[in-house]
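What follows is the content of target23.csv, which has CSV, C-alpha atoms:
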chain,number,residue,atom,x,y,z
V,1,MET,CA,65.4,-20.7,152.5
V,2,SER,CA,66.2,-19.1,155.8
V,3,THR,CA,64.5,-15.8,156.6
V,4,SER,CA,66.8,-14.7,159.4
V,5,GLY,CA,70.5,-14.4,160.2
V,6,VAL,CA,73.4,-14.8,157.8
V,7,LEU,CA,71.3,-16.7,155.2
V,8,SER,CA,68.5,-14.2,155.0
V,9,PRO,CA,68.3,-11.5,152.3
V,10,GLY,CA,68.4,-8.7,154.8
V,11,VAL,CA,71.5,-6.8,155.9
V,12,ASN,CA,71.5,-8.2,159.4
V,13,PHE,CA,74.8,-6.6,160.2
V,14,GLU,CA,75.0,-8.0,163.7
V,15,ASP,CA,74.7,-11.5,162.4
V,16,ARG,CA,77.1,-11.1,159.5
V,17,LEU,CA,79.9,-9.4,161.5
V,18,VAL,CA,81.9,-12.2,163.2
V,19,GLY,CA,83.7,-11.1,166.4
V,20,SER,CA,86.5,-13.7,166.7
V,21,LEU,CA,88.4,-16.3,164.8
V,22,GLU,CA,86.9,-19.1,167.0
V,23,GLU,CA,83.4,-17.9,166.2
V,24,MET,CA,84.2,-17.8,162.5
V,25,THR,CA,85.4,-21.4,162.6
V,26,ARG,CA,82.2,-22.5,164.3
V,27,THR,CA,80.0,-20.5,161.9
V,28,VAL,CA,81.8,-21.7,158.8
V,29,SER,CA,81.9,-25.3,160.0
V,30,HIS,CA,78.1,-25.2,160.4
V,31,LEU,CA,77.6,-23.7,156.9
V,32,LYS,CA,79.9,-26.3,155.4
V,33,GLY,CA,77.8,-28.9,157.2
V,34,LEU,CA,74.8,-27.6,155.2
V,35,ASP,CA,76.8,-28.2,152.0
V,36,TYR,CA,77.7,-24.6,151.3
V,37,ARG,CA,80.9,-24.0,149.4
V,38,VAL,CA,82.8,-21.2,151.3
V,39,VAL,CA,84.8,-18.5,149.5
V,40,LEU,CA,87.2,-16.2,151.3
V,41,THR,CA,88.7,-12.9,150.3
V,42,SER,CA,90.3,-10.0,152.2
V,43,GLY,CA,91.2,-6.4,151.7
V,44,SER,CA,91.0,-2.8,153.0
V,45,PHE,CA,87.8,-1.8,151.1
V,46,ASP,CA,88.5,1.8,151.7
V,47,LEU,CA,86.3,4.2,149.7
V,48,ILE,CA,84.3,1.4,148.3
V,49,HIS,CA,83.9,1.8,144.5
V,50,LEU,CA,82.6,-0.1,141.5
V,51,GLY,CA,85.8,-2.2,141.3
V,52,HIS,CA,85.2,-3.5,144.8
V,53,VAL,CA,81.6,-4.3,144.1
V,54,LYS,CA,82.4,-6.2,140.9
V,55,TYR,CA,85.2,-8.0,142.6
V,56,LEU,CA,83.0,-9.2,145.4
V,57,ALA,CA,80.3,-10.3,142.9
V,58,ARG,CA,83.0,-12.3,141.0
V,59,ALA,CA,84.2,-13.9,144.2
V,60,LYS,CA,80.7,-14.8,145.3
V,61,GLU,CA,80.2,-16.7,141.9
V,62,LEU,CA,82.8,-19.2,143.1
V,63,GLY,CA,80.7,-20.5,146.0
V,64,GLY,CA,77.6,-20.2,148.2
V,65,ILE,CA,79.0,-18.3,151.1
V,66,LEU,CA,81.4,-15.3,150.8
V,67,VAL,CA,83.5,-14.4,153.8
V,68,VAL,CA,85.3,-11.1,153.6
V,69,GLY,CA,88.2,-10.2,155.9
V,70,VAL,CA,88.6,-6.4,156.3
V,71,ASP,CA,91.9,-4.8,157.4
V,72,SER,CA,91.6,-2.7,160.6
V,73,ASP,CA,92.4,0.9,160.6
V,74,ALA,CA,95.7,0.2,162.3
V,75,LYS,CA,96.7,-2.4,159.7
V,76,ILE,CA,95.9,0.0,156.9
V,77,ARG,CA,97.8,2.9,158.5
V,78,ARG,CA,100.9,0.7,159.0
V,79,ARG,CA,100.8,-0.4,155.3
V,80,LYS,CA,99.6,2.8,153.6
V,81,GLY,CA,100.4,5.7,155.9
V,82,ASP,CA,98.8,7.9,158.5
V,83,ASP,CA,96.4,9.5,156.1
V,84,ARG,CA,94.6,6.2,155.4
V,85,PRO,CA,92.1,4.8,155.7
V,86,MET,CA,89.8,7.5,154.4
V,87,VAL,CA,86.8,5.6,155.8
V,88,PRO,CA,86.9,4.3,159.4
V,89,GLU,CA,86.7,0.5,160.0
V,90,ASP,CA,83.2,0.6,161.6
V,91,GLU,CA,81.8,2.3,158.5
V,92,ARG,CA,83.7,0.0,156.1
V,93,LEU,CA,82.3,-3.0,157.8
V,94,GLU,CA,78.8,-1.8,157.6
V,95,LEU,CA,79.2,-0.8,154.0
V,96,LEU,CA,80.3,-4.3,153.2
V,97,ALA,CA,77.3,-5.8,155.0
V,98,HIS,CA,75.1,-3.9,152.5
V,99,GLN,CA,76.8,-5.5,149.5
V,100,ARG,CA,74.6,-8.3,148.2
V,101,PRO,CA,77.4,-10.9,147.7
V,102,VAL,CA,78.9,-10.6,151.2
V,103,ASP,CA,77.7,-13.1,153.8
V,104,LEU,CA,80.2,-12.9,156.7
V,105,ILE,CA,82.6,-10.2,157.6
V,106,TYR,CA,85.6,-10.3,159.9
V,107,LEU,CA,87.7,-7.3,161.1
V,108,LYS,CA,91.4,-8.4,160.8
V,109,GLN,CA,93.5,-7.0,163.7
V,110,ASP,CA,97.2,-6.6,164.1
V,111,GLU,CA,97.2,-9.2,166.9
V,112,ASP,CA,95.6,-11.9,164.8
V,113,PRO,CA,98.1,-14.7,164.0
V,114,ALA,CA,99.5,-14.8,160.5
V,115,TRP,CA,96.9,-16.3,158.1
V,116,GLY,CA,94.5,-16.5,161.1
V,117,LEU,CA,91.4,-15.9,159.1
V,118,ILE,CA,92.4,-18.3,156.3
V,119,LYS,CA,93.1,-21.0,158.9
V,120,ALA,CA,89.9,-20.3,160.8
V,121,VAL,CA,87.8,-20.5,157.6
V,122,GLU,CA,89.7,-23.2,155.6
V,123,PRO,CA,87.8,-22.0,152.5
V,124,ASP,CA,86.9,-24.1,149.6
V,125,VAL,CA,88.2,-21.1,147.5
V,126,LEU,CA,90.6,-18.4,148.5
V,127,VAL,CA,90.2,-15.4,146.2
V,128,LEU,CA,93.2,-13.1,145.6
V,129,THR,CA,93.7,-10.1,143.3
V,130,ALA,CA,96.1,-10.5,140.5
V,131,ASP,CA,98.5,-8.1,142.3
V,132,HIS,CA,98.6,-10.1,145.5
V,133,SER,CA,101.8,-10.1,147.5
V,134,TYR,CA,102.1,-13.9,148.2
V,135,THR,CA,105.4,-15.6,147.1
V,136,ASP,CA,105.3,-18.9,145.3
V,137,ASP,CA,106.3,-20.7,148.5
V,138,GLU,CA,103.5,-19.0,150.4
V,139,LEU,CA,101.0,-20.0,147.7
V,140,ALA,CA,102.2,-23.6,148.0
V,141,GLN,CA,101.7,-23.4,151.8
V,142,LEU,CA,98.2,-21.9,151.3
V,143,GLY,CA,97.3,-24.7,148.9
V,144,GLU,CA,97.6,-27.1,151.9
V,145,ILE,CA,95.0,-25.1,153.9
V,146,VAL,CA,92.5,-24.1,151.2
V,147,GLY,CA,90.6,-26.1,148.6
V,148,GLU,CA,91.8,-23.9,145.7
V,149,ILE,CA,93.2,-20.5,145.0
V,150,ALA,CA,91.4,-18.3,142.5
V,151,VAL,CA,93.0,-15.1,141.2
V,152,ILE,CA,90.7,-12.4,140.0
V,153,GLU,CA,91.9,-9.4,138.0
V,154,ARG,CA,91.1,-5.9,139.3
V,155,GLN,CA,87.6,-5.0,138.3
V,156,ALA,CA,88.3,-1.3,137.8
V,157,SER,CA,91.1,0.6,136.2
V,158,VAL,CA,91.3,3.0,139.2
V,159,THR,CA,92.2,1.8,142.6
V,160,THR,CA,91.3,3.6,145.8
V,161,SER,CA,94.8,5.0,146.1
V,162,GLU,CA,94.6,6.3,142.6
V,163,ARG,CA,91.2,7.8,143.3
V,164,ILE,CA,92.5,9.6,146.4
V,165,ARG,CA,95.6,10.9,144.4
V,166,GLN,CA,93.2,12.2,141.7
V,167,MET,CA,91.2,14.0,144.4
V,168,TYR,CA,94.3,15.6,145.8
V,169,MET,CA,95.5,16.6,142.4
V,170,ASN,CA,92.2,18.2,141.5
V,171,LEU,CA,92.2,20.1,144.7
V,172,GLY,CA,95.7,21.3,144.0
V,173,ASP,CA,94.7,22.4,140.5
V,174,LYS,CA,91.9,24.4,141.9
V,175,LEU,CA,93.7,25.9,144.9
V,176,GLY,CA,97.0,26.6,143.1
V,177,PRO,CA,96.0,29.8,141.3
V,178,LYS,CA,94.3,31.2,144.4
V,179,LEU,CA,97.2,30.4,146.6
V,180,ALA,CA,99.5,32.1,144.1
V,181,GLN,CA,97.5,35.2,144.5
V,182,ILE,CA,97.2,35.1,148.3
V,183,LEU,CA,100.5,33.6,149.5
V,184,PRO,CA,102.9,36.5,148.6
V,185,GLY,CA,100.8,38.9,150.7
V,186,LEU,CA,100.6,36.4,153.6
V,187,ILE,CA,104.4,35.9,153.6
V,188,ASP,CA,105.1,39.7,153.5
V,189,GLU,CA,102.6,40.2,156.4
V,190,THR,CA,104.2,37.4,158.4
V,191,ILE,CA,107.7,38.8,157.9
V,192,ARG,CA,106.6,42.3,158.9
V,193,ARG,CA,105.1,41.0,162.1
V,194,GLY,CA,108.1,38.7,162.7
Can the structure in the file be given as structure tokens, please?
Amino acid sequence: MSTSGVLSPGVNFEDRLVGSLEEMTRTVSHLKGLDYRVVLTSGSFDLIHLGHVKYLARAKELGGILVVGVDSDAKIRRRKGDDRPMVPEDERLELLAHQRPVDLIYLKQDEDPAWGLIKAVEPDVLVLTADHSYTDDELAQLGEIVGEIAVIERQASVTTSERIRQMYMNLGDKLGPKLAQILPGLIDETIRRG
């Protein structure tokens, strides 16, 4: 058993974070040469919660090496809005390195080619969530690149987006009565100064 680098039990963030698709191809090729079965999954991993951790553990059960693609802040903002992500990419990457199942991490950028990470890794298993956005035609195309596609159900009933919505609602519930007391006076004062 290796005691350093990607295969060691330590976090070794600098070794686990892969900086380019070319480097990912070389690293994964080497690991496959050592007879490791490589699993790939991707996501935002914003506000990491129990569902994320269980999902990663389930994905890792499908092979020996788990590669995780992480959406950059720009990719998340484009898809989910300007108020996301809640946790910046540098912190999300390091949080993932601390998750026991995760072996390699790649930050997916806007300029990466379509399916760039999938093509770089050519995983034995591509893991998707049940609510993935791939069409049947795209899944067929992916089947030509990957060994198999495994679909894993969400591992928690609450998504990150739902958790954020709950936080905002709870804040609104707490602030609402106080605002109702203060707001009329502020409006009157503003109008008088007007």
Rows by chain and residue number, segment 5-59 of chain V within 9 Å of segment 109-119 of chain V, shortest pair, only C-alpha atoms, as JSON lines:
{"residue": "V:Leu21", "atom": "CA", "partner": "V:Leu117", "partner_atom": "CA", "distance": 6.5}
{"residue": "V:Met24", "atom": "CA", "partner": "V:Leu117", "partner_atom": "CA", "distance": 8.2}
{"residue": "V:Thr25", "atom": "CA", "partner": "V:Lys119", "partner_atom": "CA", "distance": 8.6}
{"residue": "V:Leu40", "atom": "CA", "partner": "V:Ile118", "partner_atom": "CA", "distance": 7.5}
{"residue": "V:Thr41", "atom": "CA", "partner": "V:Ile118", "partner_atom": "CA", "distance": 8.9}
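The residue that comes closest to Ser29 of chain V, out of V:Val70, V:Val53, V:Ile65, V:Val151 and on the basis of only C-alpha atoms, is V:Ile65.
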Task: Given all atoms listed in the file as the counted atoms, nearest of V:Gly69, V:Gly51, V:Gly143, V:Gly5 to Leu96 of chain V - done: V:Gly69
Open item on the list: Around (76.6, -12.1, 153.1), as given in the file, which residues come within 10 Å? Count all atoms listed in the file and list them as an NGL selection string.
Closed with: :V and (5-13 or 15-17 or 60 or 64-68 or 96-105)
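In this comparison, which uses all atoms listed in the file, the residue of V:His52, V:Arg37, V:Arg92, V:Lys80 approaching Glu148 of chain V most closely is V:Arg37.
Taking all atoms listed in the file into account, the polymer residues that have an atom no farther than 7 Å from (87.8, -24.6, 153.7) are Val38, Val121, Glu122, Pro123, Asp124, Val146 and Gly147 of chain V.
Counting from atom CA of Asp46 of chain V, the distance to atom CA of Leu126 of chain V is 20.6 Å.
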